[in-house]
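Q: Input work_16.pdb, format and content: PDB, C-alpha atoms and all ligand atoms.
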```pdb
ATOM      1  CA  MET A   1      83.233  97.454-105.867
ATOM      2  CA  GLY A   2      81.916  98.710-102.518
ATOM      3  CA  VAL A   3      78.361  99.120-101.391
ATOM      4  CA  ASN A   4      78.727 102.884-101.617
ATOM      5  CA  ASP A   5      79.488 102.721-105.314
ATOM      6  CA  THR A   6      75.943 102.073-106.393
ATOM      7  CA  ALA A   7      73.515 104.960-106.579
ATOM      8  CA  LEU A   8      70.854 102.994-104.721
ATOM      9  CA  LEU A   9      73.022 102.154-101.786
ATOM     10  CA  GLY A  10      74.795 105.293-100.775
ATOM     11  CA  GLY A  11      74.643 109.042-100.727
ATOM     12  CA  PRO A  12      77.247 111.380 -99.319
ATOM     13  CA  ASP A  13      75.858 110.551 -95.899
ATOM     14  CA  ALA A  14      76.789 106.903 -96.146
ATOM     15  CA  ASN A  15      80.210 107.408 -94.607
ATOM     16  CA  ARG A  16      79.228 109.870 -91.920
ATOM     17  CA  ARG A  17      78.765 108.668 -88.377
ATOM     18  CA  LEU A  18      76.695 110.470 -85.807
ATOM     19  CA  ASP A  19      79.586 112.090 -84.022
ATOM     20  CA  GLY A  20      79.070 112.225 -80.307
ATOM     21  CA  MET A  21      75.604 110.734 -80.472
ATOM     22  CA  ALA A  22      76.267 107.143 -81.383
ATOM     23  CA  SER A  23      79.066 106.971 -78.833
ATOM     24  CA  SER A  24      77.001 108.607 -76.085
ATOM     25  CA  PRO A  25      77.463 106.418 -72.998
ATOM     26  CA  THR A  26      73.991 107.119 -71.629
ATOM     27  CA  ARG A  27      71.760 106.967 -74.678
ATOM     28  CA  VAL A  28      72.152 103.250 -75.409
ATOM     29  CA  ASN A  29      71.731 100.751 -72.607
ATOM     30  CA  GLU A  30      73.274  97.281 -73.046
ATOM     31  CA  THR A  31      70.089  95.488 -71.975
ATOM     32  CA  ALA A  32      67.951  94.307 -74.877
ATOM     33  CA  LEU A  33      64.547  95.933 -75.249
ATOM     34  CA  LEU A  34      63.712  93.487 -78.035
ATOM     35  CA  GLU A  35      65.094  90.014 -78.653
ATOM     36  CA  VAL A  36      64.145  88.071 -81.745
ATOM     37  CA  ASP A  37      65.172  84.484 -81.141
ATOM     38  CA  ASP A  38      65.280  81.798 -83.841
ATOM     39  CA  LEU A  39      62.189  83.221 -85.546
ATOM     40  CA  THR A  40      60.642  81.269 -88.422
ATOM     41  CA  VAL A  41      57.646  82.396 -90.500
ATOM     42  CA  ARG A  42      56.280  80.313 -93.384
ATOM     43  CA  PHE A  43      53.583  81.044 -95.932
ATOM     44  CA  GLY A  44      52.643  77.661 -97.362
ATOM     45  CA  GLY A  45      55.865  76.300 -98.826
ATOM     46  CA  LEU A  46      57.668  79.655 -98.686
ATOM     47  CA  CYS A  47      59.954  80.303 -95.731
ATOM     48  CA  ALA A  48      59.846  84.120 -95.431
ATOM     49  CA  VAL A  49      61.876  84.229 -92.196
ATOM     50  CA  ASN A  50      64.235  81.379 -91.422
ATOM     51  CA  GLY A  51      65.648  80.996 -87.894
ATOM     52  CA  LEU A  52      66.375  84.696 -87.492
ATOM     53  CA  SER A  53      67.911  86.040 -84.266
ATOM     54  CA  PHE A  54      68.936  89.568 -83.347
ATOM     55  CA  ARG A  55      68.678  92.023 -80.444
ATOM     56  CA  VAL A  56      67.738  95.685 -80.215
ATOM     57  CA  LYS A  57      69.343  97.437 -77.253
ATOM     58  CA  THR A  58      67.353  99.891 -75.172
ATOM     59  CA  GLY A  59      67.844 103.380 -76.596
ATOM     60  CA  GLU A  60      69.512 102.438 -79.848
ATOM     61  CA  ILE A  61      68.567 103.095 -83.455
ATOM     62  CA  LYS A  62      68.840  99.821 -85.318
ATOM     63  CA  GLY A  63      68.453  99.279 -89.043
ATOM     64  CA  LEU A  64      66.922  96.221 -90.708
ATOM     65  CA  ILE A  65      68.018  95.965 -94.330
ATOM     66  CA  GLY A  66      68.022  93.395 -97.116
ATOM     67  CA  PRO A  67      66.988  93.071-100.768
ATOM     68  CA  ASN A  68      63.305  93.104-101.710
ATOM     69  CA  GLY A  69      61.477  90.025-100.484
ATOM     70  CA  SER A  70      64.162  89.119 -97.927
ATOM     71  CA  GLY A  71      61.600  89.046 -95.089
ATOM     72  CA  LYS A  72      61.954  92.459 -93.409
ATOM     73  CA  SER A  73      58.270  93.422 -93.301
ATOM     74  CA  THR A  74      57.403  89.897 -92.181
ATOM     75  CA  VAL A  75      59.691  90.415 -89.179
ATOM     76  CA  PHE A  76      57.820  93.649 -88.358
ATOM     77  CA  ASN A  77      54.467  91.921 -88.760
ATOM     78  CA  SER A  78      55.634  89.220 -86.376
ATOM     79  CA  ILE A  79      56.826  91.740 -83.779
ATOM     80  CA  SER A  80      53.626  93.786 -83.949
ATOM     81  CA  GLY A  81      51.449  90.659 -83.910
ATOM     82  CA  VAL A  82      49.928  90.698 -87.401
ATOM     83  CA  TYR A  83      51.556  87.357 -88.311
ATOM     84  CA  ARG A  84      51.903  84.300 -86.109
ATOM     85  CA  PRO A  85      55.360  82.741 -86.506
ATOM     86  CA  GLN A  86      55.727  78.973 -86.764
ATOM     87  CA  ALA A  87      58.734  78.895 -84.441
ATOM     88  CA  GLY A  88      60.927  81.045 -82.246
ATOM     89  CA  LYS A  89      60.444  83.679 -79.584
ATOM     90  CA  ILE A  90      60.103  87.434 -79.478
ATOM     91  CA  LEU A  91      61.005  88.943 -76.108
ATOM     92  CA  PHE A  92      60.071  92.522 -75.257
ATOM     93  CA  ASP A  93      61.410  93.826 -71.947
ATOM     94  CA  GLY A  94      62.460  90.235 -71.258
ATOM     95  CA  LYS A  95      58.993  88.688 -71.756
ATOM     96  CA  ASN A  96      57.816  86.545 -74.646
ATOM     97  CA  ILE A  97      55.066  88.502 -76.394
ATOM     98  CA  LEU A  98      54.171  86.008 -79.104
ATOM     99  CA  LYS A  99      50.881  85.044 -77.478
ATOM    100  CA  LEU A 100      49.712  88.653 -77.094
ATOM    101  CA  PRO A 101      47.288  90.159 -79.653
ATOM    102  CA  PRO A 102      48.468  93.279 -81.541
ATOM    103  CA  HIS A 103      46.598  95.773 -79.321
ATOM    104  CA  ASP A 104      48.217  94.387 -76.166
ATOM    105  CA  ARG A 105      51.630  94.698 -77.778
ATOM    106  CA  ALA A 106      50.771  98.322 -78.635
ATOM    107  CA  LYS A 107      49.765  98.912 -75.021
ATOM    108  CA  LYS A 108      53.167  97.609 -73.944
ATOM    109  CA  GLY A 109      54.749 100.279 -76.144
ATOM    110  CA  ILE A 110      55.387  98.570 -79.489
ATOM    111  CA  LEU A 111      54.134 100.954 -82.197
ATOM    112  CA  ARG A 112      54.684 100.856 -85.928
ATOM    113  CA  THR A 113      54.164 102.653 -89.186
ATOM    114  CA  PHE A 114      53.246 100.731 -92.331
ATOM    115  CA  GLN A 115      54.888 100.642 -95.758
ATOM    116  CA  ASN A 116      51.831 102.486 -97.145
ATOM    117  CA  ILE A 117      50.503 105.671 -95.594
ATOM    118  CA  ARG A 118      47.487 105.076 -93.347
ATOM    119  CA  LEU A 119      45.892 108.361 -92.287
ATOM    120  CA  PHE A 120      42.336 109.609 -91.827
ATOM    121  CA  SER A 121      42.806 111.768 -94.905
ATOM    122  CA  HIS A 122      39.599 113.849 -94.626
ATOM    123  CA  MET A 123      40.173 114.656 -90.971
ATOM    124  CA  THR A 124      42.352 117.588 -90.019
ATOM    125  CA  VAL A 125      46.005 117.202 -89.218
ATOM    126  CA  LEU A 126      45.278 117.923 -85.541
ATOM    127  CA  ASP A 127      42.432 115.411 -85.337
ATOM    128  CA  ASN A 128      44.694 112.721 -86.756
ATOM    129  CA  VAL A 129      47.039 113.239 -83.801
ATOM    130  CA  LEU A 130      44.138 113.483 -81.337
ATOM    131  CA  VAL A 131      43.051 110.025 -82.440
ATOM    132  CA  GLY A 132      46.479 108.711 -81.410
ATOM    133  CA  LEU A 133      46.227 110.395 -78.015
ATOM    134  CA  HIS A 134      42.675 109.290 -77.386
ATOM    135  CA  THR A 135      43.557 105.763 -78.384
ATOM    136  CA  ARG A 136      46.063 105.874 -75.541
ATOM    137  CA  MET A 137      43.527 107.297 -73.113
ATOM    138  CA  THR A 138      40.355 105.432 -73.999
ATOM    139  CA  GLY A 139      41.337 102.404 -76.018
ATOM    140  CA  GLY A 140      39.395 102.431 -79.307
ATOM    141  CA  VAL A 141      40.000 104.365 -82.507
ATOM    142  CA  LEU A 142      36.310 104.538 -83.452
ATOM    143  CA  GLU A 143      35.327 105.651 -79.999
ATOM    144  CA  SER A 144      38.108 108.223 -80.186
ATOM    145  CA  CYS A 145      36.782 109.632 -83.454
ATOM    146  CA  PHE A 146      33.337 110.240 -81.989
ATOM    147  CA  ARG A 147      34.480 111.600 -78.645
ATOM    148  CA  LEU A 148      37.193 113.955 -79.876
ATOM    149  CA  ARG A 149      35.278 117.104 -79.038
ATOM    150  CA  ARG A 150      33.641 115.997 -75.815
ATOM    151  CA  THR A 151      36.378 114.989 -73.449
ATOM    152  CA  ALA A 152      36.832 116.997 -70.266
ATOM    153  CA  LYS A 153      40.566 117.074 -70.831
ATOM    154  CA  GLU A 154      40.167 118.491 -74.309
ATOM    155  CA  GLU A 155      42.463 121.483 -73.843
ATOM    156  CA  GLU A 156      45.256 119.492 -72.261
ATOM    157  CA  VAL A 157      45.078 116.851 -74.968
ATOM    158  CA  ARG A 158      44.969 119.502 -77.673
ATOM    159  CA  GLU A 159      48.063 121.167 -76.234
ATOM    160  CA  GLU A 160      49.963 117.898 -76.204
ATOM    161  CA  SER A 161      48.959 117.257 -79.814
ATOM    162  CA  LEU A 162      50.106 120.715 -80.865
ATOM    163  CA  ARG A 163      53.432 120.184 -79.087
ATOM    164  CA  LEU A 164      53.900 116.978 -81.048
ATOM    165  CA  LEU A 165      52.996 118.776 -84.270
ATOM    166  CA  ASP A 166      55.626 121.389 -83.429
ATOM    167  CA  LEU A 167      58.218 118.662 -83.305
ATOM    168  CA  VAL A 168      57.510 117.743 -86.930
ATOM    169  CA  HIS A 169      56.976 121.336 -88.102
ATOM    170  CA  LEU A 170      53.306 120.713 -88.875
ATOM    171  CA  ARG A 171      51.680 122.956 -86.295
ATOM    172  CA  GLU A 172      50.840 125.619 -88.877
ATOM    173  CA  TYR A 173      48.859 122.997 -90.843
ATOM    174  CA  ALA A 174      46.873 121.798 -87.807
ATOM    175  CA  ASP A 175      43.451 122.785 -89.186
ATOM    176  CA  ARG A 176      43.928 121.564 -92.753
ATOM    177  CA  PRO A 177      42.714 118.172 -93.968
ATOM    178  CA  ALA A 178      45.537 115.631 -93.813
ATOM    179  CA  SER A 179      45.095 114.954 -97.538
ATOM    180  CA  THR A 180      46.410 118.453 -98.379
ATOM    181  CA  LEU A 181      49.870 117.729 -96.944
ATOM    182  CA  SER A 182      52.811 116.737 -99.123
ATOM    183  CA  PHE A 183      53.831 113.075 -99.192
ATOM    184  CA  GLY A 184      56.686 113.654 -96.752
ATOM    185  CA  GLN A 185      54.478 115.674 -94.403
ATOM    186  CA  GLN A 186      51.870 112.897 -94.390
ATOM    187  CA  ARG A 187      54.608 110.498 -93.342
ATOM    188  CA  TRP A 188      55.580 112.840 -90.501
ATOM    189  CA  LEU A 189      51.964 113.088 -89.437
ATOM    190  CA  GLU A 190      51.743 109.302 -89.273
ATOM    191  CA  LEU A 191      54.852 109.330 -87.168
ATOM    192  CA  THR A 192      53.360 111.949 -84.853
ATOM    193  CA  ARG A 193      50.140 110.014 -84.429
ATOM    194  CA  ALA A 194      52.080 106.914 -83.412
ATOM    195  CA  LEU A 195      54.272 109.033 -81.107
ATOM    196  CA  ALA A 196      51.170 110.297 -79.335
ATOM    197  CA  ALA A 197      50.605 106.726 -78.177
ATOM    198  CA  LYS A 198      53.978 106.898 -76.359
ATOM    199  CA  PRO A 199      55.974 104.080 -77.937
ATOM    200  CA  LYS A 200      58.960 102.488 -76.247
ATOM    201  CA  LEU A 201      59.873 100.655 -79.424
ATOM    202  CA  PHE A 202      58.998 102.276 -82.724
ATOM    203  CA  LEU A 203      59.037 100.131 -85.884
ATOM    204  CA  LEU A 204      59.337 102.191 -89.061
ATOM    205  CA  ASP A 205      58.784 100.417 -92.375
ATOM    206  CA  GLU A 206      60.343 102.372 -95.271
ATOM    207  CA  ILE A 207      59.390 105.725 -93.791
ATOM    208  CA  ALA A 208      61.732 107.633 -96.126
ATOM    209  CA  SER A 209      60.909 105.843 -99.364
ATOM    210  CA  GLY A 210      59.247 108.103-101.907
ATOM    211  CA  MET A 211      60.465 111.212-100.081
ATOM    212  CA  SER A 212      62.602 113.865-101.724
ATOM    213  CA  HIS A 213      66.245 113.921-100.659
ATOM    214  CA  SER A 214      65.682 116.906 -98.374
ATOM    215  CA  GLU A 215      62.570 115.363 -96.801
ATOM    216  CA  ALA A 216      64.516 112.143 -96.174
ATOM    217  CA  GLU A 217      67.323 114.128 -94.540
ATOM    218  CA  GLU A 218      64.826 116.013 -92.360
ATOM    219  CA  THR A 219      63.236 112.720 -91.407
ATOM    220  CA  LYS A 220      66.598 111.484 -90.240
ATOM    221  CA  GLU A 221      66.962 114.525 -87.967
ATOM    222  CA  LEU A 222      63.450 114.006 -86.694
ATOM    223  CA  LEU A 223      64.110 110.374 -85.835
ATOM    224  CA  ARG A 224      67.280 111.342 -84.006
ATOM    225  CA  SER A 225      65.378 113.838 -81.884
ATOM    226  CA  ILE A 226      62.568 111.332 -81.218
ATOM    227  CA  ASN A 227      65.206 108.849 -80.115
ATOM    228  CA  ARG A 228      67.059 111.318 -77.886
ATOM    229  CA  GLU A 229      64.312 113.524 -76.542
ATOM    230  CA  GLN A 230      61.400 111.105 -76.271
ATOM    231  CA  ASP A 231      63.548 108.094 -75.275
ATOM    232  CA  VAL A 232      62.199 105.919 -78.050
ATOM    233  CA  THR A 233      64.148 102.912 -79.307
ATOM    234  CA  LEU A 234      63.924 102.647 -83.095
ATOM    235  CA  LEU A 235      64.007  99.710 -85.484
ATOM    236  CA  VAL A 236      63.935 100.984 -89.064
ATOM    237  CA  ILE A 237      63.521  99.198 -92.376
ATOM    238  CA  GLU A 238      64.767 101.215 -95.312
ATOM    239  CA  HIS A 239      65.882 100.429 -98.819
ATOM    240  CA  ASN A 240      68.267 103.365 -99.142
ATOM    241  CA  MET A 241      71.321 102.042 -97.357
ATOM    242  CA  GLY A 242      73.137 105.390 -97.309
ATOM    243  CA  TRP A 243      70.252 106.753 -95.262
ATOM    244  CA  VAL A 244      70.305 103.757 -92.909
ATOM    245  CA  PHE A 245      74.069 103.849 -92.403
ATOM    246  CA  GLY A 246      73.939 107.568 -91.617
ATOM    247  CA  LEU A 247      71.239 107.104 -88.986
ATOM    248  CA  CYS A 248      71.745 103.797 -87.214
ATOM    249  CA  ASP A 249      73.980 102.606 -84.371
ATOM    250  CA  SER A 250      73.828  99.051 -85.673
ATOM    251  CA  VAL A 251      72.360  97.305 -88.688
ATOM    252  CA  VAL A 252      71.149  93.764 -89.308
ATOM    253  CA  CYS A 253      71.080  92.619 -92.936
ATOM    254  CA  MET A 254      68.788  89.792 -94.096
ATOM    255  CA  ASN A 255      68.767  87.768 -97.284
ATOM    256  CA  PHE A 256      66.234  85.031 -98.167
ATOM    257  CA  GLY A 257      64.804  85.152 -94.633
ATOM    258  CA  SER A 258      68.133  84.631 -92.852
ATOM    259  CA  LYS A 259      70.618  86.946 -91.164
ATOM    260  CA  LEU A 260      73.726  87.758 -93.153
ATOM    261  CA  ILE A 261      75.358  90.024 -90.577
ATOM    262  CA  ASP A 262      74.555  92.179 -87.554
ATOM    263  CA  GLY A 263      77.118  94.887 -86.914
ATOM    264  CA  THR A 264      78.049  98.553 -87.028
ATOM    265  CA  PRO A 265      77.211 100.444 -90.239
ATOM    266  CA  GLU A 266      80.914 100.323 -91.090
ATOM    267  CA  GLU A 267      81.065  96.536 -90.716
ATOM    268  CA  VAL A 268      77.860  95.954 -92.638
ATOM    269  CA  LYS A 269      78.566  98.240 -95.562
ATOM    270  CA  ASN A 270      81.938  96.597 -96.195
ATOM    271  CA  ASP A 271      80.693  93.025 -95.834
ATOM    272  CA  ARG A 272      81.106  91.022 -99.023
ATOM    273  CA  ARG A 273      77.895  89.007 -98.500
ATOM    274  CA  VAL A 274      75.873  92.207 -98.143
ATOM    275  CA  ILE A 275      77.368  93.672-101.300
ATOM    276  CA  GLU A 276      76.678  90.445-103.203
ATOM    277  CA  ALA A 277      73.084  90.251-101.955
ATOM    278  CA  TYR A 278      72.361  93.750-103.246
ATOM    279  CA  LEU A 279      74.220  93.175-106.490
ATOM    280  CA  GLY A 280      72.114  90.039-106.976
ATOM    281  CA  GLU A 281      69.039  92.186-106.590
ATOM    282  CA  ALA A 282      70.372  94.743-109.084
ATOM    283  CA  ASP A 283      71.083  91.913-111.581
ATOM    284  CA  HIS A 284      67.588  90.580-111.084
ATOM    285  CA  ALA A 285      66.102  94.033-111.707
ATOM    286  CA  ALA A 286      68.140  94.359-114.913
ATOM    287  CA  ASN A 287      67.278  90.819-116.164
ATOM    288  CA  PRO A 288      64.048  89.834-114.453
TER
HETATM  289  N1  LIG B 301      50.863  87.454 -96.250
HETATM  290  C1  LIG B 301      51.714  86.814 -97.072
HETATM  291  N2  LIG B 301      51.317  85.728 -97.765
HETATM  292  C2  LIG B 301      52.176  85.069 -98.589
HETATM  293  N3  LIG B 301      53.464  85.421 -98.791
HETATM  294  C3  LIG B 301      53.910  86.517 -98.126
HETATM  295  C4  LIG B 301      53.075  87.260 -97.241
HETATM  296  N4  LIG B 301      53.804  88.289 -96.726
HETATM  297  C5  LIG B 301      55.021  88.185 -97.270
HETATM  298  N5  LIG B 301      55.095  87.114 -98.103
HETATM  299  C6  LIG B 301      56.271  86.674 -98.860
HETATM  300  O1  LIG B 301      57.344  86.566 -97.939
HETATM  301  C7  LIG B 301      58.561  87.013 -98.527
HETATM  302  C8  LIG B 301      59.125  88.152 -97.689
HETATM  303  O2  LIG B 301      58.282  89.280 -97.862
HETATM  304  P1  LIG B 301      58.495  90.625 -97.059
HETATM  305  O3  LIG B 301      58.639  90.303 -95.623
HETATM  306  O4  LIG B 301      57.395  91.533 -97.449
HETATM  307  O5  LIG B 301      59.896  91.120 -97.643
HETATM  308  P2  LIG B 301      60.583  92.565 -97.596
HETATM  309  O6  LIG B 301      59.815  93.418 -96.643
HETATM  310  O7  LIG B 301      61.993  92.289 -97.166
HETATM  311  O8  LIG B 301      60.551  93.088 -99.011
HETATM  312  C9  LIG B 301      58.229  87.424 -99.959
HETATM  313  O9  LIG B 301      58.514  86.332-100.795
HETATM  314  C10 LIG B 301      56.744  87.701 -99.890
HETATM  315  O10 LIG B 301      56.132  87.484-101.138
HETATM  316 MG    MG B 302      58.788  95.239 -97.002
END
```
Starting from the coordinates I provided, produce the structure as structure tokens.
A:
Amino acid sequence: MGVNDTALLGGPDANRRLDGMASSPTRVNETALLEVDDLTVRFGGLCAVNGLSFRVKTGEIKGLIGPNGSGKSTVFNSISGVYRPQAGKILFDGKNILKLPPHDRAKKGILRTFQNIRLFSHMTVLDNVLVGLHTRMTGGVLESCFRLRRTAKEEEVREESLRLLDLVHLREYADRPASTLSFGQQRWLELTRALAAKPKLFLLDEIASGMSHSEAEETKELLRSINREQDVTLLVIEHNMGWVFGLCDSVVCMNFGSKLIDGTPEEVKNDRRVIEAYLGEADHAANP
């Protein structure tokens, strides 16, 4: 049985590579933008991440997969600075960032979305993006909220926000409250707000989960254009492996906090350990 045989793990897209794109000689640079080196994170007696190492090349789209509880979100929380690892290094642009607080990591260009949607739901779609832009310009989210209408550069900032909303097909909803958008659109708005802060490395935690099939496919296109047109390196966590394999240049698979394999989608999807890890999860779901 192959990974593609289970409904969870593969759609028709699972076997498709990004013709031309993934092999583009200029898009991906061999130098590592991010290096995770022998990372260990413990919560009491539980070792959530256990000596994990992998690299993300500048310009690539990399997937981080693994069964539930394998440590993926903990890796993101360590990169963005929410958790303090017990051991290891995280290098960004060649420098160890582990001592930096989360906002300094964001200033360096490490931005993320969370597993649960975090928007200012009563503010308009446009104002949600403006907050991202003003955070870049002034520093504080609260300050941004109060100063939205008073900045001298208001028009310029507004234009940039509308351009970003165009990218995600949300410009026509600019004046509506964010809460009126569909689930998928709210995800895209979150993405846009983070984009406004000009990430170099974008960490996306299960951005497509809960989306309809067509929304998930559109999201894939969107991420490709963000990667190509805005020069953003992407590290994506996603449970739907077909989606990941159709999007990513390379994929690292974790199980119980450790790395099982880091390779091309083709290598990873045919790896016996990966198949067994996911089958173990399916067994556990059937007989908890
Ligand atoms: N803040 C925390 N406190 C205690 N345990 C945690 C915490 N965060 C994650 N864990 C545990 O670490 C393990 C890995 O979790 P997580 O990184 O969320 O996995 P994944 O994202 O792959 O589903 C799980 O056993 C989870 O319960
Ligand atoms: Mg998670």
Q: Would you pick out the contacts of Pro199 (chain A) at 6 Å or less, using all atoms listed in the file, so that residues sharing its chain but fewer than 3 positions from it are not included, and give the list as number ranges by chain?
A: A: 109-111, 202
Q: Please produce an output containing C-alpha atoms for each residue in the selection, written as a PDB file, in the frame of the given file.
A:
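Output contents, as saved in selection.pdb:
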```pdb
ATOM      1  CA  GLY A 109      54.749 100.279 -76.144  1.00  0.00           C
ATOM      2  CA  ILE A 110      55.387  98.570 -79.489  1.00  0.00           C
ATOM      3  CA  LEU A 111      54.134 100.954 -82.197  1.00  0.00           C
ATOM      4  CA  PHE A 202      58.998 102.276 -82.724  1.00  0.00           C
TER       5      PHE A 202
END
```
Q: Can you list, as a ChimeraX atom specification, the residues that the PyMOL selection byres (((not hetatm)) within 8 of (chain B and resi 302)) selects here?
A: /A:68-69,71-74,115,205-206,237
Q: List all protein, DNA and RNA residues that have an atom no more than 10 Å from any atom of ligand LIG 301 (chain B), counting all atoms listed in the file, and report them as a VMD selection string.
A: chain A and resid 41 to 49 64 to 78 82 to 83 115 205 to 206 237 to 239 254 to 257
Q: Would you pick out the contacts of His169 (chain A) at 12 Å or less, using all atoms listed in the file, so that residues sharing its chain but fewer than 3 positions from it are not included, and give the list as JSON, numbers by chain?
A: {"A": [125, 162, 163, 164, 165, 166, 172, 173, 174, 181, 184, 185, 186, 188, 189, 192, 215, 218, 219, 222]}
Q: In Å, with one decimal, what is the gap from CA of Lys62 (chain A) to CA of Lys108 (chain A)?
A: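 One can read the CA of Lys62 (chain A) to CA of Lys108 (chain A) distance as 19.5 Å.
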Q: Return the single residue from A:Glu35, A:Glu221, A:Asp104, A:Glu266 that is closest to Gly242 (chain A), with distances computed using all atoms listed in the file.
A: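 Smallest distance to Gly242 (chain A) is found for A:Glu266.
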Q: From the set A:Arg224, A:Lys269, A:Arg171, A:Lys259, which residue has the shortest atom-to-atom contact distance to Phe245 (chain A), counting all atoms listed in the file?
A: A:Lys269
Q: Choose the residue, out of A:Gly94, A:Gly51, A:Gly81, A:Gly63, that has the smallest atom-to-atom separation from Leu34 (chain A); count only C-alpha atoms.
A: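 Among A:Gly94, A:Gly51, A:Gly81, A:Gly63, it is A:Gly94 that comes nearest to Leu34 (chain A).
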Q: Which residues, named as in the file, does the PyMOL selection byres (((chain A and resi 38) around 6) and not hetatm) pick out? Answer as a JSON list (two decimals) with C-alpha atoms, in the frame of the given file.
A:
```
[["chain", "number", "residue", "atom", "x", "y", "z"],
["A", 37, "ASP", "CA", 65.17, 84.48, -81.14],
["A", 39, "LEU", "CA", 62.19, 83.22, -85.55],
["A", 51, "GLY", "CA", 65.65, 81.00, -87.89],
["A", 52, "LEU", "CA", 66.38, 84.70, -87.49],
["A", 53, "SER", "CA", 67.91, 86.04, -84.27],
["A", 88, "GLY", "CA", 60.93, 81.04, -82.25]]
```
Q: Kindly give the distance, in Å, that separates CA of Asn227 (chain A) and CA of Asp249 (chain A), rounded to a single decimal.
A: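 CA of Asp249 (chain A) lies at a distance of 11.6 Å from CA of Asn227 (chain A).
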Q: Which one is closest to Lys107 (chain A): A:Ala194, A:Leu167, A:Ser161, A:Val36? Count all atoms listed in the file.
A: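 Using all atoms listed in the file, Lys107 (chain A) sits closest to A:Ala194.
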Q: Which one is closest to Arg118 (chain A): A:Arg187, A:Arg27, A:Lys200, A:Lys220? Count only C-alpha atoms.
A: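 Nearest to Arg118 (chain A): A:Arg187.
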